[in-house]
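Asker: My file is my_file_6.pdb. It has PDB, C-alpha atoms:
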```pdb
ATOM      1  CA  MET A 513       5.979 -26.166 -12.876
ATOM      2  CA  SER A 514       8.290 -27.145 -10.071
ATOM      3  CA  THR A 515       9.199 -30.219  -8.121
ATOM      4  CA  THR A 516       9.839 -28.312  -4.910
ATOM      5  CA  ILE A 517       7.835 -29.841  -2.072
ATOM      6  CA  PHE A 518       6.579 -27.411   0.525
ATOM      7  CA  ALA A 519       5.729 -29.307   3.700
ATOM      8  CA  ARG A 520       3.869 -26.411   5.332
ATOM      9  CA  ALA A 521       1.861 -23.397   4.193
ATOM     10  CA  GLU A 522       4.440 -21.230   5.977
ATOM     11  CA  ASP A 523       7.141 -22.638   3.701
ATOM     12  CA  VAL A 524       5.150 -21.593   0.631
ATOM     13  CA  GLU A 525       4.657 -18.116   2.065
ATOM     14  CA  ASN A 526       8.348 -17.746   2.859
ATOM     15  CA  ALA A 527       9.311 -18.930  -0.639
ATOM     16  CA  PHE A 528       6.845 -16.439  -2.159
ATOM     17  CA  TYR A 529       8.294 -13.429  -0.365
ATOM     18  CA  GLU A 530      11.894 -14.616  -0.832
ATOM     19  CA  ALA A 531      11.273 -14.910  -4.575
ATOM     20  CA  ILE A 532       9.980 -11.316  -4.572
ATOM     21  CA  ALA A 533      13.117 -10.147  -2.754
ATOM     22  CA  ARG A 534      15.297 -11.860  -5.376
ATOM     23  CA  ALA A 535      13.037 -10.779  -8.286
ATOM     24  CA  ASP A 536      13.131 -14.457  -9.244
ATOM     25  CA  LEU A 537      10.145 -15.024 -11.509
ATOM     26  CA  ASP A 538      10.657 -18.782 -11.838
ATOM     27  CA  ALA A 539      10.820 -19.219  -8.074
ATOM     28  CA  LEU A 540       7.808 -16.963  -7.636
ATOM     29  CA  MET A 541       5.709 -18.940 -10.076
ATOM     30  CA  SER A 542       6.769 -22.279  -8.548
ATOM     31  CA  VAL A 543       4.834 -21.564  -5.359
ATOM     32  CA  TRP A 544       1.409 -21.402  -7.065
ATOM     33  CA  ALA A 545      -0.951 -24.343  -7.272
ATOM     34  CA  ASP A 546      -1.318 -26.135 -10.595
ATOM     35  CA  ASP A 547      -4.878 -24.903 -10.784
ATOM     36  CA  GLU A 548      -6.081 -22.487 -13.406
ATOM     37  CA  GLU A 549      -8.238 -20.728 -10.859
ATOM     38  CA  VAL A 550      -5.381 -19.272  -8.876
ATOM     39  CA  VAL A 551      -6.003 -15.610  -8.039
ATOM     40  CA  CYS A 552      -3.651 -12.680  -7.414
ATOM     41  CA  ILE A 553      -5.015  -9.267  -6.383
ATOM     42  CA  HIS A 554      -2.420  -6.506  -6.483
ATOM     43  CA  PRO A 555      -2.714  -3.327  -4.369
ATOM     44  CA  THR A 556      -3.636  -1.547  -7.616
ATOM     45  CA  GLY A 557      -6.973  -3.377  -7.467
ATOM     46  CA  GLN A 558      -6.416  -5.741 -10.359
ATOM     47  CA  ARG A 559      -7.706  -9.281  -9.812
ATOM     48  CA  LEU A 560      -5.707 -11.633 -11.999
ATOM     49  CA  CYS A 561      -6.965 -15.168 -12.569
ATOM     50  CA  GLY A 562      -4.727 -17.926 -13.870
ATOM     51  CA  VAL A 563      -1.007 -18.541 -13.921
ATOM     52  CA  ALA A 564      -0.320 -16.719 -17.207
ATOM     53  CA  ALA A 565      -1.830 -13.398 -16.112
ATOM     54  CA  ILE A 566      -0.173 -13.635 -12.705
ATOM     55  CA  GLN A 567       3.236 -14.365 -14.224
ATOM     56  CA  GLU A 568       2.968 -11.435 -16.633
ATOM     57  CA  SER A 569       2.080  -9.033 -13.795
ATOM     58  CA  TRP A 570       5.074 -10.058 -11.710
ATOM     59  CA  ARG A 571       7.352  -9.874 -14.734
ATOM     60  CA  ALA A 572       6.279  -6.229 -15.092
ATOM     61  CA  ILE A 573       6.755  -5.555 -11.365
ATOM     62  CA  PHE A 574      10.237  -7.063 -11.342
ATOM     63  CA  SER A 575      11.286  -5.125 -14.440
ATOM     64  CA  GLY A 576      10.215  -1.843 -12.850
ATOM     65  CA  ASN A 577      12.012  -2.068  -9.523
ATOM     66  CA  SER A 578      15.613  -2.503  -8.513
ATOM     67  CA  SER A 579      14.598  -4.647  -5.586
ATOM     68  CA  LEU A 580      11.586  -5.140  -3.378
ATOM     69  CA  THR A 581      11.861  -6.634   0.076
ATOM     70  CA  VAL A 582       8.704  -7.484   1.994
ATOM     71  CA  ARG A 583       8.624  -7.982   5.743
ATOM     72  CA  ILE A 584       5.652  -9.867   7.153
ATOM     73  CA  THR A 585       4.244  -9.195  10.616
ATOM     74  CA  ARG A 586       1.103  -9.663  12.688
ATOM     75  CA  SER A 587       0.136 -12.969  11.100
ATOM     76  CA  VAL A 588      -3.254 -14.435  11.866
ATOM     77  CA  ARG A 589      -3.404 -18.033  10.635
ATOM     78  CA  TRP A 590      -6.173 -20.546  10.127
ATOM     79  CA  SER A 591      -5.294 -24.074   9.026
ATOM     80  CA  GLY A 592      -7.409 -26.977   7.838
ATOM     81  CA  MET A 593      -6.352 -30.272   6.319
ATOM     82  CA  LEU A 594      -6.441 -29.040   2.732
ATOM     83  CA  ILE A 595      -6.641 -25.269   2.926
ATOM     84  CA  ALA A 596      -4.822 -22.758   5.103
ATOM     85  CA  VAL A 597      -5.224 -18.987   5.204
ATOM     86  CA  HIS A 598      -2.861 -16.336   6.573
ATOM     87  CA  SER A 599      -3.799 -12.702   7.161
ATOM     88  CA  VAL A 600      -0.592 -10.664   7.321
ATOM     89  CA  VAL A 601       0.697  -7.103   7.351
ATOM     90  CA  GLU A 602       3.288  -6.434   4.627
ATOM     91  CA  THR A 603       5.939  -3.711   4.927
ATOM     92  CA  PHE A 604       7.940  -2.901   1.795
ATOM     93  CA  TYR A 605      11.511  -1.774   1.341
ATOM     94  CA  LEU A 606      12.486  -0.518  -2.129
ATOM     95  CA  GLY A 607      16.105  -0.907  -3.223
ATOM     96  CA  ASN A 608      18.437   0.304  -0.485
ATOM     97  CA  GLU A 609      16.002   2.830   0.953
ATOM     98  CA  PRO A 610      15.932   2.533   4.743
ATOM     99  CA  THR A 611      12.407   3.919   5.028
ATOM    100  CA  PRO A 612       9.647   1.351   4.677
ATOM    101  CA  HIS A 613       6.684   1.694   2.342
ATOM    102  CA  GLY A 614       3.224   0.445   3.025
ATOM    103  CA  PRO A 615       1.895  -1.090   5.096
ATOM    104  CA  MET A 616      -0.177  -3.428   2.986
ATOM    105  CA  LEU A 617      -2.620  -6.064   4.151
ATOM    106  CA  ALA A 618      -2.572  -9.474   2.514
ATOM    107  CA  THR A 619      -4.764 -12.538   2.726
ATOM    108  CA  ASN A 620      -2.812 -15.546   1.471
ATOM    109  CA  VAL A 621      -4.653 -18.812   0.732
ATOM    110  CA  PHE A 622      -2.822 -22.134   0.493
ATOM    111  CA  GLN A 623      -3.853 -25.579  -0.743
ATOM    112  CA  ARG A 624      -2.386 -28.958   0.141
ATOM    113  CA  GLY A 625      -2.138 -31.265  -2.845
ATOM    114  CA  ALA A 626      -0.256 -34.391  -3.853
ATOM    115  CA  ASN A 627       2.967 -32.390  -3.992
ATOM    116  CA  GLY A 628       2.641 -30.507  -0.732
ATOM    117  CA  TRP A 629       1.327 -27.019  -0.096
ATOM    118  CA  ARG A 630       0.955 -24.365  -2.776
ATOM    119  CA  LEU A 631      -0.412 -20.821  -3.051
ATOM    120  CA  LEU A 632      -3.995 -20.516  -4.331
ATOM    121  CA  SER A 633      -4.650 -16.826  -3.784
ATOM    122  CA  HIS A 634      -2.807 -13.653  -2.766
ATOM    123  CA  HIS A 635      -5.042 -10.644  -2.036
ATOM    124  CA  ALA A 636      -3.067  -7.491  -1.183
ATOM    125  CA  SER A 637      -4.403  -4.005  -0.529
ATOM    126  CA  ALA A 638      -3.234  -0.788   1.067
ATOM    127  CA  ALA A 639      -3.599  -0.581   4.840
ATOM    128  CA  ALA A 640      -4.689   2.393   6.846
ATOM    129  CA  GLU A 641      -2.261   3.406   9.547
ATOM    130  CA  ILE A 642      -1.728   0.451  11.854
ATOM    131  CA  SER A 643      -3.279   1.328  15.183
ATOM    132  CA  GLU A 644      -5.184   0.018  18.148
ATOM    133  CA  THR A 645      -7.527  -1.762  15.787
ATOM    134  CA  MET A 646      -4.844  -4.445  15.487
ATOM    135  CA  PRO A 647      -4.326  -5.918  18.921
ATOM    136  CA  LEU A 648      -2.623  -9.058  17.635
ATOM    137  CA  GLY A 649       0.868  -7.615  17.314
ATOM    138  CA  GLU A 650       2.257  -9.564  20.201
ATOM    139  CA  ARG A 651       0.958 -12.824  18.878
ATOM    140  CA  ASP A 652       2.922 -12.914  15.628
ATOM    141  CA  GLY A 653       3.375 -16.355  14.236
ATOM    142  CA  MET A 654       0.989 -18.186  16.507
ATOM    143  CA  PRO A 655      -0.825 -20.578  14.218
ATOM    144  CA  ARG A 656      -4.418 -21.649  14.729
ATOM    145  CA  THR A 657      -4.817 -25.238  13.665
ATOM    146  CA  LEU A 658      -8.344 -26.503  13.145
ATOM    147  CA  HIS A 659      -7.673 -30.168  12.654
TER     148      HIS A 659
ATOM    149  CA  MET B1395     -23.907 -15.610  19.462
ATOM    150  CA  SER B1396     -26.495 -17.377  17.344
ATOM    151  CA  THR B1397     -28.016 -20.801  17.006
ATOM    152  CA  THR B1398     -28.482 -20.509  13.257
ATOM    153  CA  ILE B1399     -26.881 -23.474  11.510
ATOM    154  CA  PHE B1400     -25.338 -22.739   8.127
ATOM    155  CA  ALA B1401     -24.945 -25.990   6.202
ATOM    156  CA  ARG B1402     -22.697 -24.503   3.509
ATOM    157  CA  ALA B1403     -20.168 -21.687   3.226
ATOM    158  CA  GLU B1404     -22.419 -20.171   0.543
ATOM    159  CA  ASP B1405     -25.225 -19.925   3.095
ATOM    160  CA  VAL B1406     -22.958 -17.938   5.427
ATOM    161  CA  GLU B1407     -21.955 -15.634   2.595
ATOM    162  CA  ASN B1408     -25.573 -15.065   1.560
ATOM    163  CA  ALA B1409     -26.569 -14.338   5.169
ATOM    164  CA  PHE B1410     -23.667 -11.881   5.494
ATOM    165  CA  TYR B1411     -24.668  -9.818   2.468
ATOM    166  CA  GLU B1412     -28.400 -10.059   3.276
ATOM    167  CA  ALA B1413     -27.683  -8.705   6.757
ATOM    168  CA  ILE B1414     -25.813  -5.783   5.179
ATOM    169  CA  ALA B1415     -28.778  -5.066   2.894
ATOM    170  CA  ARG B1416     -31.107  -5.004   5.926
ATOM    171  CA  ALA B1417     -28.584  -3.104   8.105
ATOM    172  CA  ASP B1418     -29.269  -5.876  10.636
ATOM    173  CA  LEU B1419     -26.322  -5.824  13.041
ATOM    174  CA  ASP B1420     -27.437  -8.890  15.019
ATOM    175  CA  ALA B1421     -27.822 -10.954  11.870
ATOM    176  CA  LEU B1422     -24.492  -9.680  10.558
ATOM    177  CA  MET B1423     -22.661 -10.651  13.720
ATOM    178  CA  SER B1424     -24.325 -14.083  13.841
ATOM    179  CA  VAL B1425     -22.412 -15.230  10.752
ATOM    180  CA  TRP B1426     -18.955 -14.870  12.339
ATOM    181  CA  ALA B1427     -17.094 -17.751  13.959
ATOM    182  CA  ASP B1428     -16.901 -17.860  17.749
ATOM    183  CA  ASP B1429     -13.173 -17.300  17.471
ATOM    184  CA  GLU B1430     -11.469 -14.228  18.803
ATOM    185  CA  GLU B1431      -9.154 -14.166  15.811
ATOM    186  CA  VAL B1432     -11.821 -13.317  13.265
ATOM    187  CA  VAL B1433     -10.638 -10.600  10.876
ATOM    188  CA  CYS B1434     -12.491  -7.930   8.884
ATOM    189  CA  ILE B1435     -10.624  -5.647   6.474
ATOM    190  CA  HIS B1436     -12.715  -2.755   5.197
ATOM    191  CA  PRO B1437     -11.981  -0.987   1.879
ATOM    192  CA  THR B1438     -10.645   1.894   3.995
ATOM    193  CA  GLY B1439      -7.665  -0.338   4.835
ATOM    194  CA  GLN B1440      -8.481  -0.979   8.471
ATOM    195  CA  ARG B1441      -7.831  -4.545   9.655
ATOM    196  CA  LEU B1442     -10.109  -5.275  12.573
ATOM    197  CA  CYS B1443      -9.436  -8.313  14.748
ATOM    198  CA  GLY B1444     -12.042  -9.770  17.057
ATOM    199  CA  VAL B1445     -15.811  -9.668  17.228
ATOM    200  CA  ALA B1446     -16.055  -6.473  19.305
ATOM    201  CA  ALA B1447     -14.066  -4.309  16.880
ATOM    202  CA  ILE B1448     -15.868  -5.798  13.888
ATOM    203  CA  GLN B1449     -19.292  -5.179  15.431
ATOM    204  CA  GLU B1450     -18.443  -1.569  16.245
ATOM    205  CA  SER B1451     -17.281  -0.898  12.681
ATOM    206  CA  TRP B1452     -20.479  -2.248  11.163
ATOM    207  CA  ARG B1453     -22.580  -0.330  13.666
ATOM    208  CA  ALA B1454     -20.891   2.844  12.382
ATOM    209  CA  ILE B1455     -21.393   1.823   8.745
ATOM    210  CA  PHE B1456     -25.081   1.069   9.261
ATOM    211  CA  SER B1457     -25.670   4.358  11.101
ATOM    212  CA  GLY B1458     -24.113   6.308   8.217
ATOM    213  CA  ASN B1459     -26.061   4.915   5.285
ATOM    214  CA  SER B1460     -29.723   4.672   4.422
ATOM    215  CA  SER B1461     -29.208   1.288   2.853
ATOM    216  CA  LEU B1462     -26.408  -0.649   1.237
ATOM    217  CA  THR B1463     -27.065  -3.480  -1.166
ATOM    218  CA  VAL B1464     -24.178  -5.620  -2.350
ATOM    219  CA  ARG B1465     -24.333  -7.772  -5.469
ATOM    220  CA  ILE B1466     -21.772 -10.561  -5.734
ATOM    221  CA  THR B1467     -20.419 -11.772  -9.058
ATOM    222  CA  ARG B1468     -17.470 -13.665 -10.548
ATOM    223  CA  SER B1469     -17.013 -15.989  -7.599
ATOM    224  CA  VAL B1470     -13.938 -18.190  -7.461
ATOM    225  CA  ARG B1471     -14.335 -20.790  -4.722
ATOM    226  CA  TRP B1472     -12.011 -23.215  -3.014
ATOM    227  CA  SER B1473     -13.423 -25.672  -0.460
ATOM    228  CA  GLY B1474     -11.773 -28.008   2.005
ATOM    229  CA  MET B1475     -13.310 -30.023   4.823
ATOM    230  CA  LEU B1476     -12.856 -27.323   7.455
ATOM    231  CA  ILE B1477     -12.046 -24.138   5.556
ATOM    232  CA  ALA B1478     -13.519 -22.636   2.405
ATOM    233  CA  VAL B1479     -12.499 -19.453   0.614
ATOM    234  CA  HIS B1480     -14.444 -17.368  -1.909
ATOM    235  CA  SER B1481     -12.931 -14.608  -4.053
ATOM    236  CA  VAL B1482     -15.763 -12.370  -5.258
ATOM    237  CA  VAL B1483     -16.440  -9.050  -6.955
ATOM    238  CA  GLU B1484     -18.772  -6.804  -4.956
ATOM    239  CA  THR B1485     -20.932  -4.125  -6.573
ATOM    240  CA  PHE B1486     -22.646  -1.655  -4.229
ATOM    241  CA  TYR B1487     -25.955   0.145  -4.487
ATOM    242  CA  LEU B1488     -26.577   2.972  -2.018
ATOM    243  CA  GLY B1489     -30.154   3.745  -1.022
ATOM    244  CA  ASN B1490     -32.351   3.941  -4.103
ATOM    245  CA  GLU B1491     -29.594   5.081  -6.432
ATOM    246  CA  PRO B1492     -29.724   3.095  -9.674
ATOM    247  CA  THR B1493     -26.020   3.598 -10.394
ATOM    248  CA  PRO B1494     -23.719   1.042  -8.796
ATOM    249  CA  HIS B1495     -20.653   1.915  -6.742
ATOM    250  CA  GLY B1496     -17.465  -0.072  -6.649
ATOM    251  CA  PRO B1497     -16.521  -2.571  -7.743
ATOM    252  CA  MET B1498     -14.796  -3.987  -4.711
ATOM    253  CA  LEU B1499     -12.868  -7.241  -4.456
ATOM    254  CA  ALA B1500     -13.421  -9.471  -1.445
ATOM    255  CA  THR B1501     -11.781 -12.612  -0.142
ATOM    256  CA  ASN B1502     -14.156 -14.349   2.267
ATOM    257  CA  VAL B1503     -12.861 -17.171   4.479
ATOM    258  CA  PHE B1504     -15.201 -19.668   6.132
ATOM    259  CA  GLN B1505     -14.696 -22.280   8.848
ATOM    260  CA  ARG B1506     -16.732 -25.395   9.537
ATOM    261  CA  GLY B1507     -17.245 -26.003  13.253
ATOM    262  CA  ALA B1508     -19.556 -27.962  15.497
ATOM    263  CA  ASN B1509     -22.412 -25.623  14.569
ATOM    264  CA  GLY B1510     -21.900 -25.528  10.829
ATOM    265  CA  TRP B1511     -20.066 -22.981   8.719
ATOM    266  CA  ARG B1512     -19.162 -19.489   9.904
ATOM    267  CA  LEU B1513     -17.216 -16.507   8.580
ATOM    268  CA  LEU B1514     -13.581 -16.248   9.732
ATOM    269  CA  SER B1515     -12.348 -13.370   7.594
ATOM    270  CA  HIS B1516     -13.671 -10.749   5.164
ATOM    271  CA  HIS B1517     -11.002  -8.821   3.231
ATOM    272  CA  ALA B1518     -12.458  -6.128   0.965
ATOM    273  CA  SER B1519     -10.583  -3.599  -1.151
ATOM    274  CA  ALA B1520     -11.262  -1.322  -4.096
ATOM    275  CA  ALA B1521     -11.014  -2.914  -7.526
ATOM    276  CA  ALA B1522      -9.535  -1.402 -10.622
ATOM    277  CA  GLU B1523     -11.872  -1.365 -13.593
ATOM    278  CA  ILE B1524     -12.960  -4.906 -14.310
ATOM    279  CA  SER B1525     -11.433  -5.920 -17.615
ATOM    280  CA  GLU B1526      -9.882  -8.726 -19.569
ATOM    281  CA  THR B1527      -7.794  -9.607 -16.556
ATOM    282  CA  MET B1528     -10.871 -11.348 -15.162
ATOM    283  CA  PRO B1529     -11.816 -14.124 -17.561
ATOM    284  CA  LEU B1530     -13.969 -15.974 -15.034
ATOM    285  CA  GLY B1531     -17.179 -14.027 -15.572
ATOM    286  CA  GLU B1532     -18.942 -16.883 -17.252
ATOM    287  CA  ARG B1533     -18.076 -19.302 -14.498
ATOM    288  CA  ASP B1534     -19.935 -17.570 -11.663
ATOM    289  CA  GLY B1535     -20.912 -19.891  -8.905
ATOM    290  CA  MET B1536     -18.943 -22.910 -10.015
ATOM    291  CA  PRO B1537     -17.442 -24.273  -6.817
ATOM    292  CA  ARG B1538     -14.125 -26.074  -6.657
ATOM    293  CA  THR B1539     -14.274 -28.762  -4.036
ATOM    294  CA  LEU B1540     -10.996 -30.235  -2.896
ATOM    295  CA  HIS B1541     -12.236 -33.136  -0.849
TER     296      HIS B1541
END
```
What would the structure in this file look like if it were written as structure tokens?
Answerer:
Amino acid sequence: MSTTIFARAEDVENAFYEAIARADLDALMSVWADDEEVVCIHPTGQRLCGVAAIQESWRAIFSGNSSLTVRITRSVRWSGMLIAVHSVVETFYLGNEPTPHGPMLATNVFQRGANGWRLLSHHASAAAEISETMPLGERDGMPRTLH
Amino acid sequence: MSTTIFARAEDVENAFYEAIARADLDALMSVWADDEEVVCIHPTGQRLCGVAAIQESWRAIFSGNSSLTVRITRSVRWSGMLIAVHSVVETFYLGNEPTPHGPMLATNVFQRGANGWRLLSHHASAAAEISETMPLGERDGMPRTLH
């Protein structure tokens, strides 16, 4: 779908959320792996399998919002040679509203292939109020590398 | 925490859900990686980080239910050398009730260490009605191995 090479899982994740902020469907779809078993779970509870279903869902999301900016915090990262996983907290900003929506929790799964890293799975769901159950706030962005 | 060796990620996943069915807290905790950054996200939206918080949450769950049996279907699996990820649909049975609860969607992340595979992260959230957006029903249990 795309010839963009993502050298790190973080680059894929950044491109994913930047594409959402720009409502850029082509850019959004370019981050997914060329693998029919890619999975996207929206906070509505729909599990979409395959590029076509995922693309259609984001087309609908982009057509329904003026703009959607997602800020990522409190990342917990696990990295292997071929698969990496990030657990993140997502905070949403709609249009020019100053008040954030969310938070959401997302588990993002990445795969390294011949053309660099790509997104395999995005599982997002509503978060309870962020509280003392999340002691990792001060360790944002510290990757755990297993290899 | 445990000397049990899990040779495959699937074995960890089976042990996790079997421990839930038996309300066996020791067995449940034995499947997690010896890594302080293990994560458990309950369908309530709480993200728990670390073994102590996870153990306390399951202790509360087990004390509040007579029994909880989870059936796993529609697995989508990605496997690397050191990390494996399963996306599954969970259906719950409470006590002796014949009617299932849920479904839930879970993303389970596994790590291979010196003592075999262990659970790194369990992200569960409520699913919308399972429908045509999930065409993988006939492919249950077919693993994708990347190495």
Asker: Residues near Gln1505 of chain B, anyone? I mean within 8 Å using all atoms listed in the file, not counting same-chain ones fewer than 2 positions away, as a list in words.
Answerer: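 Counting all atoms listed in the file, the residues come to Ala1403, Ala1427, Leu1476, Ile1477, Ala1478, Val1503, Gly1507, Trp1511, Arg1512, Leu1513 and Leu1514 of chain B.
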Asker: Near chain A, meaning an atom within 6 Å, which residues of chain B appear when counting only C-alpha atoms? Write them as a list in words.
Answerer: Gly1439, Gln1440, Leu1442, Gly1474, Leu1476, Ile1477, Ala1520, Ala1521, Ala1522 and Thr1527 of chain B
Asker: Grab the atom CA of Glu568 of chain A to atom CA of Ala527 of chain A distance for me, in Å with one decimal place.
Answerer: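 Between these atoms lies a distance of 18.8 Å.
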Asker: Put the listed atoms of segment 576-594 of chain A in a box along x, y and z with 6 Å added on every side and give me the centre and edge lengths in Å to one decimal, as AutoDock Vina command-line options.
Answerer:
```
--center_x 4.1 --center_y -16.1 --center_z -0.1 --size_x 35.0 --size_y 40.4 --size_z 37.5
```
Asker: Applying the PyMOL selection byres ((chain A and resi 606) around 7) to the file I just gave you, which residues come out? Please list them as a PyMOL selection string.
Answerer: chain A and resi 579-581+604-605+607-609
Asker: List the residues selected by the PyMOL selection byres ((chain B and resi 1419) around 12) in the file shown, writing them as a compact mmCIF listing (two decimals) with C-alpha atoms, in the frame of the given file.
Answerer:
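Result saved to expr13.txt:
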```txt
# COMPACT_ATOMS: atom_id res chain seq x y z
CA MET B 1395 -23.91 -15.61 19.46
CA ALA B 1409 -26.57 -14.34 5.17
CA PHE B 1410 -23.67 -11.88 5.49
CA TYR B 1411 -24.67 -9.82 2.47
CA GLU B 1412 -28.40 -10.06 3.28
CA ALA B 1413 -27.68 -8.70 6.76
CA ILE B 1414 -25.81 -5.78 5.18
CA ALA B 1415 -28.78 -5.07 2.89
CA ARG B 1416 -31.11 -5.00 5.93
CA ALA B 1417 -28.58 -3.10 8.10
CA ASP B 1418 -29.27 -5.88 10.64
CA ASP B 1420 -27.44 -8.89 15.02
CA ALA B 1421 -27.82 -10.95 11.87
CA LEU B 1422 -24.49 -9.68 10.56
CA MET B 1423 -22.66 -10.65 13.72
CA SER B 1424 -24.32 -14.08 13.84
CA VAL B 1425 -22.41 -15.23 10.75
CA TRP B 1426 -18.95 -14.87 12.34
CA VAL B 1445 -15.81 -9.67 17.23
CA ILE B 1448 -15.87 -5.80 13.89
CA GLN B 1449 -19.29 -5.18 15.43
CA GLU B 1450 -18.44 -1.57 16.24
CA SER B 1451 -17.28 -0.90 12.68
CA TRP B 1452 -20.48 -2.25 11.16
CA ARG B 1453 -22.58 -0.33 13.67
CA ALA B 1454 -20.89 2.84 12.38
CA ILE B 1455 -21.39 1.82 8.74
CA PHE B 1456 -25.08 1.07 9.26
CA SER B 1457 -25.67 4.36 11.10
```
Asker: Taking the file above as input, evaluate the PyMOL selection byres ((chain A and resi 519) around 6) and report the hits as a PyMOL selection string.
Answerer: chain A and resi 518+520+628
Asker: Restricting it to C-alpha atoms, dump the selection as a short mmCIF file (atom, residue, chain, number, x, y, z; two decimals), keeping the file's coordinate frame.
Answerer:
```cif
data_model
loop_
_atom_site.label_atom_id
_atom_site.label_comp_id
_atom_site.auth_asym_id
_atom_site.auth_seq_id
_atom_site.Cartn_x
_atom_site.Cartn_y
_atom_site.Cartn_z
CA PHE A 518 6.58 -27.41 0.52
CA ARG A 520 3.87 -26.41 5.33
CA GLY A 628 2.64 -30.51 -0.73
#
```
Asker: Which value, in Å to one decimal, gives the distance between atom CA of Asn1408 of chain B and atom CA of Ile1466 of chain B?
Answerer: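 So the two atoms, atom CA of Asn1408 of chain B and atom CA of Ile1466 of chain B, lie 9.4 Å apart.
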Asker: Only C-alpha atoms, as an mmCIF file, in the first residue's frame: that is what I want for segment 615-629 of chain A.
Answerer:
```
data_model
loop_
_atom_site.group_PDB
_atom_site.id
_atom_site.type_symbol
_atom_site.label_atom_id
_atom_site.label_comp_id
_atom_site.auth_asym_id
_atom_site.auth_seq_id
_atom_site.Cartn_x
_atom_site.Cartn_y
_atom_site.Cartn_z
ATOM 1 C CA PRO A 615 -9.121 8.836 28.411
ATOM 2 C CA MET A 616 -8.939 5.685 26.350
ATOM 3 C CA LEU A 617 -6.586 2.759 26.776
ATOM 4 C CA ALA A 618 -4.937 1.260 23.721
ATOM 5 C CA THR A 619 -2.794 -1.783 23.100
ATOM 6 C CA ASN A 620 -0.909 -1.325 19.833
ATOM 7 C CA VAL A 621 0.868 -4.313 18.247
ATOM 8 C CA PHE A 622 3.596 -3.869 15.638
ATOM 9 C CA GLN A 623 5.340 -6.283 13.276
ATOM 10 C CA ARG A 624 8.739 -5.962 11.632
ATOM 11 C CA GLY A 625 8.744 -7.163 8.047
ATOM 12 C CA ALA A 626 10.858 -6.760 4.933
ATOM 13 C CA ASN A 627 9.752 -3.139 4.667
ATOM 14 C CA GLY A 628 10.231 -2.102 8.269
ATOM 15 C CA TRP A 629 7.701 -1.935 11.075
#
```
